[in-house]
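**Q** Just passing along the structure, written as structure tokens.
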Amino acid sequence: MTIPPDAPPTDPELRRIRAFLAAFTRRQAERTVDFPGGFAALDDTFALSHGNNHVLVDGTPDPEALPAVVDGALSHLAHRSVYIPDAAVAEACAGPLTEAGYRRSIVLLMRHGGPVPERGGAREVDLPALRGPVAESWRRFLPDAGADVVHALVERRAARRRGADDVRFLASHDAYGEVASWADLYVDPATGVAQIEDLVTAAAHLGQGHAGVVLDTALRLSYAAGCTTVFLTALADDWPRHWYERRGFAPVGEVHCFERL
């Protein structure tokens, strides 16, 4: 399947979000390998993290050649991950990638449509404050993961500091000062785009409103920085997307994620 040359024009908001994601991915990476139609983002320090070692297709590659290109770029890794934010490109590449053993999932790009929350309440923290809660959450989400994998998923947050000029880790605390919920906030005032990422609540604090406190704080900080495009990502087939929709977010695009383990 070839990529249609007359695909419908992309919404300007979606173009800004895609450009932000590509720029963040490049800046976060230890090194990149470019190829026609995309690039591989690589980080040998966190080689077990798919989010730090993957291919991002941000152009129009040769669909038939893409599996071999990915194999070459990620040859030193046990996994293969390919992210494609353009639906037409993803459909063109789906056949060759599926034949090569990849499975596809869809992540929604959800933009906030307001209003700006009146209250926040979370505060900025650094990585040491998050290590314990984040490790606990990954052991909950990936019970079969080894200690080395959990360690990489926790420590990879340090690399996110490179992704944007303004990167903040936000947390809501319980009455005893323990971290109850947390998220990342990436702000780019120059382009007016902000991303909220990795919003998670500790198991002992589910249903207590802490995630809402973190999300409201991130939104307030984003708009205060002059960002008019504030977005996050959510799996298309998982329940959090509906929670985000109730809080003013709406899907504006998708990222098609192809993985082979």
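Chain labels A, B, ... are given in the sequence in which chains occur in the structure tokens; within each chain residues are numbered consecutively from 1, and ligands are likewise numbered from 1 in the order shown.
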Run DSSP on the backbone of this structure and report the residues of stretch 84-211 of chain A it assigns to strand (DSSP E), as an mmCIF file with N, CA and C atoms, in the first residue's frame.
**A**
```cif
data_model
loop_
_atom_site.group_PDB
_atom_site.id
_atom_site.type_symbol
_atom_site.label_atom_id
_atom_site.label_comp_id
_atom_site.auth_asym_id
_atom_site.auth_seq_id
_atom_site.Cartn_x
_atom_site.Cartn_y
_atom_site.Cartn_z
ATOM 1 N N ILE A 84 3.854 6.024 14.811
ATOM 2 C CA ILE A 84 3.473 6.748 13.594
ATOM 3 C C ILE A 84 2.281 7.645 13.905
ATOM 4 N N ARG A 103 2.492 -5.886 16.311
ATOM 5 C CA ARG A 103 1.113 -5.704 16.746
ATOM 6 C C ARG A 103 0.871 -4.212 16.952
ATOM 7 N N ARG A 104 -0.348 -3.756 16.610
ATOM 8 C CA ARG A 104 -0.647 -2.329 16.665
ATOM 9 C C ARG A 104 -1.578 -1.981 17.821
ATOM 10 N N SER A 105 -1.291 -0.877 18.473
ATOM 11 C CA SER A 105 -2.205 -0.258 19.437
ATOM 12 C C SER A 105 -2.305 1.216 19.088
ATOM 13 N N ILE A 106 -3.322 1.880 19.607
ATOM 14 C CA ILE A 106 -3.551 3.284 19.263
ATOM 15 C C ILE A 106 -3.571 4.125 20.523
ATOM 16 N N VAL A 107 -2.786 5.176 20.514
ATOM 17 C CA VAL A 107 -2.744 6.146 21.601
ATOM 18 C C VAL A 107 -3.382 7.433 21.099
ATOM 19 N N LEU A 108 -4.325 7.965 21.858
ATOM 20 C CA LEU A 108 -4.995 9.196 21.475
ATOM 21 C C LEU A 108 -4.182 10.410 21.901
ATOM 22 N N LEU A 109 -4.165 11.419 21.048
ATOM 23 C CA LEU A 109 -3.657 12.731 21.408
ATOM 24 C C LEU A 109 -4.867 13.569 21.788
ATOM 25 N N MET A 110 -4.934 13.978 23.059
ATOM 26 C CA MET A 110 -6.128 14.647 23.577
ATOM 27 C C MET A 110 -5.773 16.076 23.996
ATOM 28 N N ARG A 111 -6.473 17.040 23.418
ATOM 29 C CA ARG A 111 -6.211 18.454 23.693
ATOM 30 C C ARG A 111 -7.228 18.987 24.695
ATOM 31 N N HIS A 112 -6.750 19.814 25.611
ATOM 32 C CA HIS A 112 -7.643 20.425 26.601
ATOM 33 C C HIS A 112 -8.401 21.581 25.968
ATOM 34 N N ARG A 123 2.485 20.159 44.045
ATOM 35 C CA ARG A 123 3.712 20.950 44.049
ATOM 36 C C ARG A 123 4.807 20.207 43.293
ATOM 37 N N GLU A 124 5.808 20.972 42.898
ATOM 38 C CA GLU A 124 6.901 20.402 42.131
ATOM 39 C C GLU A 124 7.821 19.601 43.040
ATOM 40 N N VAL A 125 8.251 18.425 42.552
ATOM 41 C CA VAL A 125 9.166 17.560 43.290
ATOM 42 C C VAL A 125 10.290 17.141 42.347
ATOM 43 N N ASP A 166 11.436 23.568 29.806
ATOM 44 C CA ASP A 166 10.776 23.608 31.107
ATOM 45 C C ASP A 166 10.115 22.254 31.364
ATOM 46 N N VAL A 167 10.753 21.423 32.173
ATOM 47 C CA VAL A 167 10.240 20.097 32.533
ATOM 48 C C VAL A 167 10.041 20.060 34.043
ATOM 49 N N ARG A 168 8.833 19.740 34.472
ATOM 50 C CA ARG A 168 8.529 19.710 35.894
ATOM 51 C C ARG A 168 7.882 18.378 36.269
ATOM 52 N N PHE A 169 8.226 17.883 37.452
ATOM 53 C CA PHE A 169 7.574 16.710 38.026
ATOM 54 C C PHE A 169 6.659 17.224 39.137
ATOM 55 N N LEU A 170 5.359 16.936 39.012
ATOM 56 C CA LEU A 170 4.368 17.433 39.957
ATOM 57 C C LEU A 170 3.812 16.288 40.788
ATOM 58 N N ALA A 171 3.472 16.552 42.042
ATOM 59 C CA ALA A 171 2.934 15.510 42.912
ATOM 60 C C ALA A 171 1.922 16.095 43.886
ATOM 61 N N SER A 172 0.911 15.294 44.182
ATOM 62 C CA SER A 172 -0.040 15.582 45.251
ATOM 63 C C SER A 172 0.319 14.680 46.430
ATOM 64 N N HIS A 173 0.290 15.226 47.636
ATOM 65 C CA HIS A 173 0.706 14.490 48.825
ATOM 66 C C HIS A 173 -0.480 14.233 49.749
ATOM 67 N N VAL A 179 3.850 10.952 48.816
ATOM 68 C CA VAL A 179 3.411 11.189 47.443
ATOM 69 C C VAL A 179 2.253 10.249 47.118
ATOM 70 N N ALA A 180 1.132 10.832 46.694
ATOM 71 C CA ALA A 180 -0.060 10.044 46.400
ATOM 72 C C ALA A 180 -0.320 9.920 44.899
ATOM 73 N N SER A 181 -0.035 10.973 44.143
ATOM 74 C CA SER A 181 -0.236 10.968 42.701
ATOM 75 C C SER A 181 0.783 11.901 42.074
ATOM 76 N N TRP A 182 1.135 11.654 40.815
ATOM 77 C CA TRP A 182 2.202 12.437 40.189
ATOM 78 C C TRP A 182 2.028 12.459 38.676
ATOM 79 N N ALA A 183 2.716 13.399 38.046
ATOM 80 C CA ALA A 183 2.716 13.512 36.589
ATOM 81 C C ALA A 183 3.881 14.371 36.157
ATOM 82 N N ASP A 184 4.221 14.283 34.873
ATOM 83 C CA ASP A 184 5.213 15.163 34.264
ATOM 84 C C ASP A 184 4.492 16.314 33.572
ATOM 85 N N LEU A 185 5.164 17.457 33.505
ATOM 86 C CA LEU A 185 4.675 18.594 32.726
ATOM 87 C C LEU A 185 5.824 19.116 31.881
ATOM 88 N N TYR A 186 5.624 19.162 30.560
ATOM 89 C CA TYR A 186 6.622 19.673 29.634
ATOM 90 C C TYR A 186 6.054 20.936 28.991
ATOM 91 N N VAL A 187 6.735 22.052 29.142
ATOM 92 C CA VAL A 187 6.218 23.343 28.697
ATOM 93 C C VAL A 187 7.173 23.973 27.689
ATOM 94 N N ASP A 188 6.627 24.443 26.571
ATOM 95 C CA ASP A 188 7.410 25.157 25.576
ATOM 96 C C ASP A 188 6.721 26.490 25.285
ATOM 97 N N VAL A 193 2.956 25.380 23.437
ATOM 98 C CA VAL A 193 2.484 24.001 23.590
ATOM 99 C C VAL A 193 2.983 23.432 24.903
ATOM 100 N N ALA A 194 2.117 22.693 25.589
ATOM 101 C CA ALA A 194 2.497 21.992 26.820
ATOM 102 C C ALA A 194 1.909 20.591 26.789
ATOM 103 N N GLN A 195 2.670 19.641 27.331
ATOM 104 C CA GLN A 195 2.219 18.256 27.428
ATOM 105 C C GLN A 195 2.201 17.814 28.876
ATOM 106 N N ILE A 196 1.111 17.151 29.261
ATOM 107 C CA ILE A 196 0.994 16.506 30.569
ATOM 108 C C ILE A 196 1.148 15.011 30.317
ATOM 109 N N GLU A 197 2.036 14.363 31.059
ATOM 110 C CA GLU A 197 2.361 12.970 30.744
ATOM 111 C C GLU A 197 2.523 12.146 32.017
ATOM 112 N N ASP A 198 2.202 10.851 31.916
ATOM 113 C CA ASP A 198 2.457 9.894 32.994
ATOM 114 C C ASP A 198 1.725 10.250 34.286
ATOM 115 N N LEU A 199 0.447 10.543 34.200
ATOM 116 C CA LEU A 199 -0.347 10.812 35.401
ATOM 117 C C LEU A 199 -0.714 9.478 36.048
ATOM 118 N N VAL A 200 -0.220 9.248 37.262
ATOM 119 C CA VAL A 200 -0.392 7.967 37.957
ATOM 120 C C VAL A 200 -0.720 8.240 39.418
ATOM 121 N N THR A 201 -1.543 7.372 39.993
ATOM 122 C CA THR A 201 -1.865 7.450 41.419
ATOM 123 C C THR A 201 -1.403 6.172 42.111
#
```
**Q** Would you list the contacts of A:Phe141 as a PyMOL selection string, taking every protein, DNA or RNA residue within 12 Å and counting only C-alpha atoms, but skipping same-chain residues closer than 2 positions in sequence?
**A** chain A and resi 134-139+143-145+150+153+200-203
**Q** Point out the residue among A:Leu14, A:Asp58, A:Ser222, A:Arg31 with the least atom-to-atom distance to A:Ala90, counting only C-alpha atoms.
**A** A:Asp58
**Q** Could you give me, as an NGL selection string, each residue of stretch 119-246 of chain A that DSSP assigns to helix (DSSP H, G or I) when run on this structure's backbone?
**A** :A and (127-141 or 147-162 or 203-205 or 210-224 or 240-246)
**Q** Quick one: everything within 8 Å of A:Arg131, counting only C-alpha atoms, minus sequence neighbours fewer than 4 positions away in the same chain. Send it as a PyMOL selection string.
**A** chain A and resi 127+135+154-155
**Q** Which residues, written as a ChimeraX atom specification, have at least one atom at most 10 Å from A:Val69, with only C-alpha atoms counted and residues fewer than 5 positions away on the same chain left out?
**A** /A:35-36,39-40,55,61-64,74-75
